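Participant: What follows is work.cif, made up of mmCIF, C-alpha atoms and all ligand atoms:
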data_start
loop_
_atom_site.label_atom_id
_atom_site.label_comp_id
_atom_site.auth_asym_id
_atom_site.auth_seq_id
_atom_site.Cartn_x
_atom_site.Cartn_y
_atom_site.Cartn_z
CA MET N 1 122.63 77.53 143.69
CA TYR N 2 121.89 78.20 147.37
CA LYS N 3 118.72 80.16 147.95
CA PRO N 4 117.87 81.14 151.54
CA GLU N 5 114.46 80.26 152.99
CA GLU N 6 112.17 83.21 152.25
CA HIS N 7 108.54 83.98 153.19
CA ASN N 8 106.22 86.74 152.02
CA VAL N 9 103.72 87.81 154.67
CA ILE N 10 101.41 90.76 155.21
CA CYS N 11 101.75 92.42 158.59
CA THR N 12 98.40 92.56 160.39
CA VAL N 13 99.57 94.48 163.45
CA CYS N 14 98.15 97.77 162.15
CA PRO N 15 95.90 98.84 159.26
CA ILE N 16 98.81 99.87 156.99
CA GLY N 17 99.37 96.18 156.16
CA CYS N 18 103.03 96.29 155.10
CA ARG N 19 104.23 93.51 152.79
CA LEU N 20 107.09 91.79 154.59
CA THR N 21 109.76 89.48 153.31
CA VAL N 22 111.16 87.23 156.02
CA ILE N 23 114.52 85.70 155.11
CA ARG N 24 116.34 82.99 157.07
CA GLU N 25 119.68 84.39 158.21
CA GLU N 26 121.44 82.42 160.91
CA HIS N 27 123.62 85.29 162.06
CA GLU N 28 120.58 87.49 162.86
CA PRO N 29 119.54 87.52 166.57
CA ASP N 30 116.12 85.96 165.78
CA GLY N 31 117.48 83.79 162.96
CA TYR N 32 115.57 85.85 160.38
CA LYS N 33 115.91 89.18 158.62
CA VAL N 34 112.67 91.05 157.94
CA ILE N 35 112.43 93.63 155.17
CA GLY N 36 109.56 95.72 153.86
CA GLY N 37 108.06 96.81 157.17
CA VAL N 38 107.79 100.37 158.34
CA CYS N 39 108.42 99.67 162.03
CA LYS N 40 109.93 97.30 164.60
CA ARG N 41 106.54 95.76 165.40
CA GLY N 42 106.45 94.41 161.86
CA GLU N 43 109.85 92.76 162.30
CA LYS N 44 108.61 90.97 165.41
CA PHE N 45 105.38 89.98 163.64
CA GLY N 46 107.25 88.66 160.59
CA VAL N 47 109.47 86.35 162.63
CA LYS N 48 106.55 85.10 164.71
CA GLU N 49 104.44 84.54 161.60
CA VAL N 50 107.00 82.11 160.12
CA THR N 51 108.03 80.42 163.40
CA ASN N 52 104.87 80.30 165.57
CA PRO N 53 101.85 81.96 163.90
CA THR N 54 98.97 82.76 166.25
CA ARG N 55 95.61 84.51 165.95
CA THR N 56 92.85 85.95 168.07
CA VAL N 57 89.66 84.29 166.87
CA THR N 58 86.42 86.28 166.77
CA SER N 59 83.02 84.83 165.93
CA THR N 60 79.44 84.54 167.17
CA VAL N 61 77.58 81.76 168.94
CA ALA N 62 73.90 80.86 169.03
CA ILE N 63 71.96 82.15 172.01
CA GLU N 64 68.37 81.45 173.02
CA GLY N 65 66.03 83.65 175.02
CA GLY N 66 67.97 86.85 174.28
CA LEU N 67 67.40 90.04 172.36
CA LEU N 68 69.37 88.67 169.37
CA PRO N 69 69.92 85.14 168.02
CA ARG N 70 73.77 85.36 168.03
CA LEU N 71 76.25 86.57 170.63
CA PRO N 72 79.72 87.91 169.64
CA VAL N 73 82.68 86.07 171.20
CA ARG N 74 86.46 86.01 170.91
CA THR N 75 89.47 84.23 172.33
CA GLU N 76 90.97 86.06 175.32
CA LYS N 77 94.42 85.79 173.73
CA ASP N 78 95.97 84.49 170.53
CA ILE N 79 95.90 80.74 169.92
CA PRO N 80 98.08 78.77 167.48
CA LYS N 81 96.83 79.50 163.96
CA HIS N 82 96.53 75.81 163.06
CA LEU N 83 93.76 75.46 165.70
CA ASN N 84 91.51 78.14 164.15
CA TYR N 85 89.48 75.80 161.95
CA GLU N 86 88.84 73.29 164.74
CA LEU N 87 87.89 76.13 167.08
CA MET N 88 85.35 77.46 164.57
CA LYS N 89 83.79 73.99 164.37
CA LEU N 90 83.60 73.90 168.17
CA ILE N 91 82.13 77.41 168.40
CA ASN N 92 79.45 76.46 165.87
CA GLN N 93 78.22 73.74 168.26
CA VAL N 94 77.79 76.11 171.22
CA LYS N 95 74.28 77.17 172.18
CA LEU N 96 73.90 79.58 175.10
CA GLN N 97 70.93 80.64 177.15
CA ALA N 98 70.44 84.34 177.95
CA PRO N 99 71.29 86.20 180.10
CA VAL N 100 75.05 86.34 179.47
CA LYS N 101 77.44 89.00 180.79
CA ILE N 102 80.31 90.54 178.85
CA GLY N 103 83.55 88.68 179.66
CA GLU N 104 81.72 85.47 180.65
CA VAL N 105 83.58 82.31 179.61
CA VAL N 106 81.76 80.61 176.73
CA VAL N 107 84.33 77.83 176.06
CA ALA N 108 87.03 77.20 178.69
CA ASN N 109 90.64 76.27 177.95
CA VAL N 110 90.23 75.59 174.23
CA PHE N 111 92.27 72.55 173.14
CA ASP N 112 94.31 72.80 176.39
CA THR N 113 95.86 76.09 175.31
CA GLY N 114 94.89 77.80 178.58
CA VAL N 115 92.88 80.32 176.52
CA ASN N 116 89.16 80.84 177.01
CA VAL N 117 86.55 82.01 174.52
CA ILE N 118 84.62 84.86 176.12
CA ALA N 119 81.49 86.89 175.38
CA THR N 120 82.28 90.34 174.01
CA ARG N 121 78.90 91.81 174.88
CA SER N 122 76.17 91.21 177.40
CA MET N 123 72.81 89.84 176.36
CA ARG N 124 69.86 90.12 178.69
CA ALA N 125 66.99 87.69 178.61
CA VAL N 126 63.76 88.81 176.99
CA LYS N 127 60.38 87.57 178.18
S1 LIG N 201 105.26 96.92 159.88
FE1 LIG N 201 104.57 98.45 161.36
S2 LIG N 201 103.58 100.01 160.06
FE2 LIG N 201 103.74 98.17 158.79
S3 LIG N 201 101.76 97.09 159.09
FE3 LIG N 201 103.22 96.25 160.60
S4 LIG N 201 102.87 97.45 162.45
FE4 LIG N 201 101.96 98.59 160.74
#
Can you turn what I pasted into structure tokens?
Ligand code: SF4
Facilitator:
Amino acid sequence: MYKPEEHNVICTVCPIGCRLTVIREEHEPDGYKVIGGVCKRGEKFGVKEVTNPTRTVTSTVAIEGGLLPRLPVRTEKDIPKHLNYELMKLINQVKLQAPVKIGEVVVANVFDTGVNVIATRSMRAVK
């Protein structure tokens, strides 16, 4: 019996977290029908999640000579989800020296995606 390709995903666009079912339907404009979401943003998310999932990565990196031992960072934009693990390994090797300004590039062009990892707060040097 034919059973269409079907994926269950949780929408992360807003805190409601709707449970979506994404079903392959060739006659749909995007090639998929999305059910279970409350709004159009969820439909877009559901299709993207099964065709090209991406994430913004947030973390911290080691910093020396600053007020705190870790500095919060994030990717400027989403990167392909399959790169998240490798990016976390890369971020764990970074060691900065204070001072650092908010928005400063910490890792440039990660894995040739054109996306930088940036500082999300400033950290002044302490004497
Ligand atoms: S479908 Fe809409 S309401 Fe539901 S979690 Fe996604 S963005 Fe929020």
Participant: Please identify all polymer residues within 12 Å of stretch 43-53 of chain N, counting all atoms listed in the file, omitting same-chain residues fewer than 4 positions from it, and present them as a PyMOL selection string.
Facilitator: chain N and resi 5-14+17-25+28-39+78-84
Participant: Which residue is closest to N:Leu87? Choose from N:Val100, N:Gly65, N:Thr60, N:Phe111 and count only C-alpha atoms.
Facilitator: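 Using only C-alpha atoms, the shortest distance to N:Leu87 belongs to N:Phe111.
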Participant: I'd like the box whose edges run along x, y and z of the file and which contains every listed atom of ligand LIG 201 (chain N), padded by 5 Å per side; could you state its centre and edge lengths in Å, one decimal, as lines of an AutoDock Vina configuration file?
Facilitator:
center_x = 103.5
center_y = 98.1
center_z = 160.6
size_x = 13.5
size_y = 13.8
size_z = 13.7
Participant: Excluding N:Pro69 and its own-chain neighbours fewer than 2 positions away, which residues fall within 12 Å of it when counting only C-alpha atoms? Please give them as a ChimeraX atom specification.
Facilitator: /N:60-67,71-72,95-98,123-126
Participant: Using all atoms listed in the file, which residues sit within 12 Å of N:Val107 once same-chain residues fewer than 5 positions away are excluded, as number ranges by chain?
Facilitator: N: 61, 73-76, 87-88, 90-96, 112-119
